[in-house]
Amino acid sequence: MAANIDWVTCAEEQEKLITKVDSISLNKTDRIPNGSPKTGIGAEGEPEDKNVDEAPISPAERSLLQKIIRKGLVENKNDIEVQRKDPTSPLFSIKSFEALHLDPQLLKGVYAMGFNAPSKIQETALPTLLANPAQNMIAQSQSGTGKTAAFVLAMLSRVDPKKDYPQVLCLSPTYELAIQTGEVAAKMAQFCPEIKIRFAVRGEEIPRGTKLKEHIIIGTPGKVVDWGVKYQFFDLGKVSVFVLDEADVMIATQGHQDQSFRIHKLLPRNCQIMFFSATYEHDVMDFAEGIVSNPVIIRLKREEESLDNIKQYYVMCRNLEDKYTAISNIYGVVTIGQAMIFCHTRKTASWLSEKMSGDGHAVALLSGDLAIEQRIAVLDRFRDGKEKVLITTNVLARGIDVEQVTIVVNFDLPVDLARKADCETYLHRIGRTGRFGKAGLAINLVDGPETLAVLKQIEDHFGKKINKLDAEDVDEIEKLGKE
DNA sequence: AAAAAAT
């Protein structure tokens with residue numbers, strides 16, 4: 001990906017210039033074919049931006065601008081990389097939500113959620129996502145940097161409530177994530193009662209022949225294929241915005257991939273595509289670029305930064321029994337905050353949960369084995385802090401946002417089918433803690449030479465040393481837990 | 001291996 005990229009070094013002046021240039025390009029209706037800029041940025045009938053006349057571009061600025069455009073690439077002081085194949089697309093960032101010219105009711109919802117100013121990823125992603133003509137985007141930024149709010153805001157502002165059919169489709173890899181996204185959307189749209197949202201997930205049943213009237217569908221792949229492809233409860237050909245959350249798993253893992261493609265195939269040619277994830281393996285990013293036509297690619301730089309506020313350790317064990325002893329020792333201290341314990345299989349997760357419960361440790365369990373009602377109940381209890389320790393599988397590795405999670409324990413290290421380290425999942429798992437810049441603690445249980453090798457692979461991948469911790473040294477763990 | 005679809 002990074003090949004033939006030549007960075008334009010960033011200066012404060014450059015950013016000012018970009019802002020200036022953008023205000024010009026956005027108000028230039030002649031760059032939009034057939035006139036008529038739509039609602040949102042540069043709304044029709046709005047007076048020309050005063051900046052345009054007051055601050056024309058100097059020759060020096062123009063040459064710098066041309067350089068930027070030629071490279072199709074901008075680096076700004078927020079550590080955001082922007083890469084564009086189409087140099088004529090607008091390019092700018094915003095510093096306040098007002099600058100987006102949102103519907104006032106929607107803006108009210110944004111503020112009601114406690115968002116005062118856009119996060120880094122939002123500053124750059126939102127103007128592009130809301131610009132007309134619509135542009136496709138592949139965005140990468142770490143856990144807890146405001147990705148969900150970014151695309152939810154884009155989804156909501158793209159809805160035309162007067163049209164009573166689904167116009168926006170958002171796919172998530174798991175039930176829990178779809179619900180969480182829907183909750184964010186509902187909250188943000190709390191002052192926009194005309195916007196209707198529908199979940200297409202397990203447990204939702206509707207009679208044959210139904211035609212959905214909700215504007216936004218948020219769902220998981222299987223159900224969306226059922227509703228959109230098999231039974232045609234809504235017309236995928238009328239969807240104008242398609243969001244893939246955790247896009248890398250959605251397009252690259254067996255099962256999700258087929259379903260995502262079946263849906264993608266039926267979308268209209270001019271549908272705006274948005275890919276969001278914290279991680280894209282190199283190949284997957286190439287693949288994604290093949291799927292999304294002419295995307296604006298933005299990424300929050302230096303993914304290892306997200307690991308800076310998370311302390312990582314490992315405990316050397318000889319076998320399963322050792323691991324159990326270690327987890328029991330850790331248990332005593334993790335309850336200071338909340339903890340998530342990740343296992344490789346549902347079976348291990350339920351075994352561990354039963355064994356710990358049997359030994360008097362209060363733990364909760366969430367995996368795909370559970371009935372959907374159970375999953376809701378368990379996650380609710382965990383969110384409310386009624387459960388301190390949650391044993392789970394990769395189902396909750398991604399995206400789940402529980403603020404009080406201070407410790408992540410990898411009872412089993414994340415590995416792929418070839419038993420190689422799954423670094424993306426590792427990053428996502430430990431990203432459950434240390435959210436929004438808070439400190440976090442990750443403890444990995446290693447039970448032999450194979451898993452030690454996996455740990456090494458993870459260390460190498462992120463270039464971070466993972467220090468050893470003595471399982472018997474409860475005091476040490478306790479100290480860490482309290483920090 | 002997990003997830004996601006019912007069956």
# chains A, B, ... in the order shown; residues from 1 in each chain; ligands from 1
>>> interface_residues(of="chain A", to="chain B", cutoff="8 Å", atoms="only C-alpha atoms (C1' of nucleotides)", output="MDAnalysis selection string")
chainID A and resid 173:174 220:223 226 255:256 344:345 368 393:395 416:417
>>> select_by_dssp(residues="range 205-382 of chain A", states="alpha helix (DSSP H)", output="NGL selection string")
:A and (221-224 or 247-252 or 256-265 or 282-291 or 305-308 or 320-334 or 346-358 or 372-382)
>>> write_last_selection(atoms="C-alpha atoms", output="compact mmCIF listing (two decimals), in the first residue's frame")
# COMPACT_ATOMS: atom_id res chain seq x y z
CA PRO A 221 -25.01 -10.63 6.92
CA GLY A 222 -27.21 -13.71 7.08
CA LYS A 223 -30.39 -11.83 7.86
CA VAL A 224 -29.71 -9.08 5.37
CA ALA A 247 -14.90 -4.17 6.96
CA ASP A 248 -11.82 -6.37 6.99
CA VAL A 249 -13.63 -9.30 8.59
CA MET A 250 -16.65 -8.70 6.43
CA ILE A 251 -14.79 -9.05 3.17
CA ALA A 252 -11.99 -11.41 4.11
CA HIS A 256 -19.09 -13.29 5.94
CA GLN A 257 -17.36 -12.74 2.65
CA ASP A 258 -19.86 -14.59 0.47
CA GLN A 259 -22.79 -12.89 2.10
CA SER A 260 -21.28 -9.43 1.91
CA PHE A 261 -20.62 -9.95 -1.77
CA ARG A 262 -24.09 -11.21 -2.51
CA ILE A 263 -25.42 -8.01 -1.00
CA HIS A 264 -22.81 -5.76 -2.58
CA LYS A 265 -23.54 -7.19 -6.02
CA HIS A 282 -2.06 -5.58 3.80
CA ASP A 283 -3.74 -8.01 1.40
CA VAL A 284 -7.14 -7.14 2.72
CA MET A 285 -6.61 -3.45 2.02
CA ASP A 286 -5.61 -4.27 -1.56
CA PHE A 287 -8.68 -6.42 -1.83
CA ALA A 288 -10.87 -3.69 -0.41
CA GLU A 289 -9.54 -1.23 -2.95
CA GLY A 290 -10.59 -3.64 -5.65
CA ILE A 291 -14.15 -3.69 -4.34
CA GLU A 305 -0.06 4.22 19.33
CA SER A 306 -3.18 2.49 20.42
CA LEU A 307 -1.04 0.04 22.35
CA ASP A 308 0.82 2.76 24.21
CA LEU A 320 -4.32 -26.02 30.95
CA GLU A 321 -4.29 -26.61 34.67
CA ASP A 322 -1.59 -23.99 35.08
CA LYS A 323 -3.60 -21.57 33.03
CA TYR A 324 -6.57 -22.18 35.27
CA THR A 325 -4.45 -21.49 38.36
CA ALA A 326 -3.17 -18.31 36.76
CA ILE A 327 -6.63 -17.09 35.83
CA SER A 328 -7.84 -17.83 39.37
CA ASN A 329 -5.01 -15.76 40.78
CA ILE A 330 -5.74 -12.97 38.38
CA TYR A 331 -9.43 -13.12 39.18
CA GLY A 332 -8.92 -11.80 42.67
CA VAL A 333 -7.59 -8.53 41.36
CA VAL A 334 -9.43 -8.00 38.10
CA ARG A 346 -17.04 -21.76 22.67
CA LYS A 347 -16.28 -25.01 24.39
CA THR A 348 -13.29 -23.66 26.29
CA ALA A 349 -15.26 -20.57 27.20
CA SER A 350 -18.15 -22.51 28.67
CA TRP A 351 -15.81 -24.96 30.38
CA LEU A 352 -13.88 -22.11 31.99
CA SER A 353 -17.03 -20.35 32.99
CA GLU A 354 -18.40 -23.46 34.68
CA LYS A 355 -15.17 -24.27 36.44
CA MET A 356 -14.70 -20.77 37.77
CA SER A 357 -18.30 -20.51 38.86
CA GLY A 358 -17.92 -23.87 40.59
CA ILE A 372 -30.10 -14.48 21.52
CA GLU A 373 -32.09 -13.37 24.58
CA GLN A 374 -29.30 -14.66 26.79
CA ARG A 375 -26.73 -12.74 24.82
CA ILE A 376 -28.68 -9.52 25.24
CA ALA A 377 -29.15 -10.12 28.95
CA VAL A 378 -25.51 -10.97 29.63
CA LEU A 379 -24.14 -8.00 27.72
CA ASP A 380 -26.61 -5.69 29.44
CA ARG A 381 -25.53 -6.95 32.84
CA PHE A 382 -21.90 -6.51 31.91
>>> residues_around(residues="His428 in chain A", least_positions_apart="5", cutoff="9 Å", atoms="only C-alpha atoms (C1' of nucleotides)", output="ChimeraX atom specification")
/A:142-143,278-279,397-399,423
>>> write_last_selection(atoms="N, CA and C atoms", output="short mmCIF file (atom, residue, chain, number, x, y, z; two decimals), in the first residue's frame")
data_model
loop_
_atom_site.label_atom_id
_atom_site.label_comp_id
_atom_site.auth_asym_id
_atom_site.auth_seq_id
_atom_site.Cartn_x
_atom_site.Cartn_y
_atom_site.Cartn_z
N GLN A 142 -8.21 3.37 15.00
CA GLN A 142 -8.23 2.41 16.10
C GLN A 142 -9.55 2.38 16.85
N SER A 143 -9.65 1.37 17.67
CA SER A 143 -10.80 1.24 18.57
C SER A 143 -10.96 2.53 19.37
N ALA A 278 -10.69 -0.93 12.34
CA ALA A 278 -9.46 -0.52 13.03
C ALA A 278 -8.26 -1.17 12.37
N THR A 279 -8.50 -2.25 11.67
CA THR A 279 -7.37 -3.01 11.11
C THR A 279 -7.67 -3.44 9.69
N ALA A 397 -14.68 -9.81 20.29
CA ALA A 397 -13.33 -9.26 20.12
C ALA A 397 -13.36 -7.85 19.55
N ARG A 398 -14.38 -7.59 18.75
CA ARG A 398 -14.38 -6.32 18.02
C ARG A 398 -15.50 -5.38 18.42
N GLY A 399 -15.13 -4.13 18.55
CA GLY A 399 -16.11 -3.06 18.56
C GLY A 399 -16.94 -2.85 19.81
N CYS A 423 -2.90 -11.25 14.52
CA CYS A 423 -2.54 -9.97 15.13
C CYS A 423 -3.68 -8.96 15.09
#
>>> closest_residue(among="A:Lys465, A:Arg419, A:Lys301, A:Lys456", to="Val82 in chain A", atoms="only C-alpha atoms")
A:Lys301
>>> select_by_dssp(residues="range 216-454 of chain A", states="strand (DSSP E or B)", output="ChimeraX atom specification")
/A:216-219,241-245,272-277,296-300,310-316,338-342,364-366,389-392,405-410,415,421,440-446
>>> residues_around(residues="range 239-241 of chain A", least_positions_apart="5", cutoff="6 Å", atoms="only C-alpha atoms (C1' of nucleotides)", output="PyMOL selection string")
chain A and resi 167-168+271-272
>>> atom_distance(atom1="CA of Lys464 in chain A", atom2="CA of Ile341 in chain A")
21.5 Å
>>> atom_distance(atom1="CA of Gln190 in chain A", atom2="CA of Glu123 in chain A")
22.6 Å
>>> closest_residue(among="A:Leu236, A:Val363, A:Ile400, A:Val405", to="Thr148 in chain A", atoms="only C-alpha atoms")
A:Ile400
>>> atom_distance(atom1="CA of Glu176 in chain A", atom2="CA of Leu441 in chain A")
23.4 Å
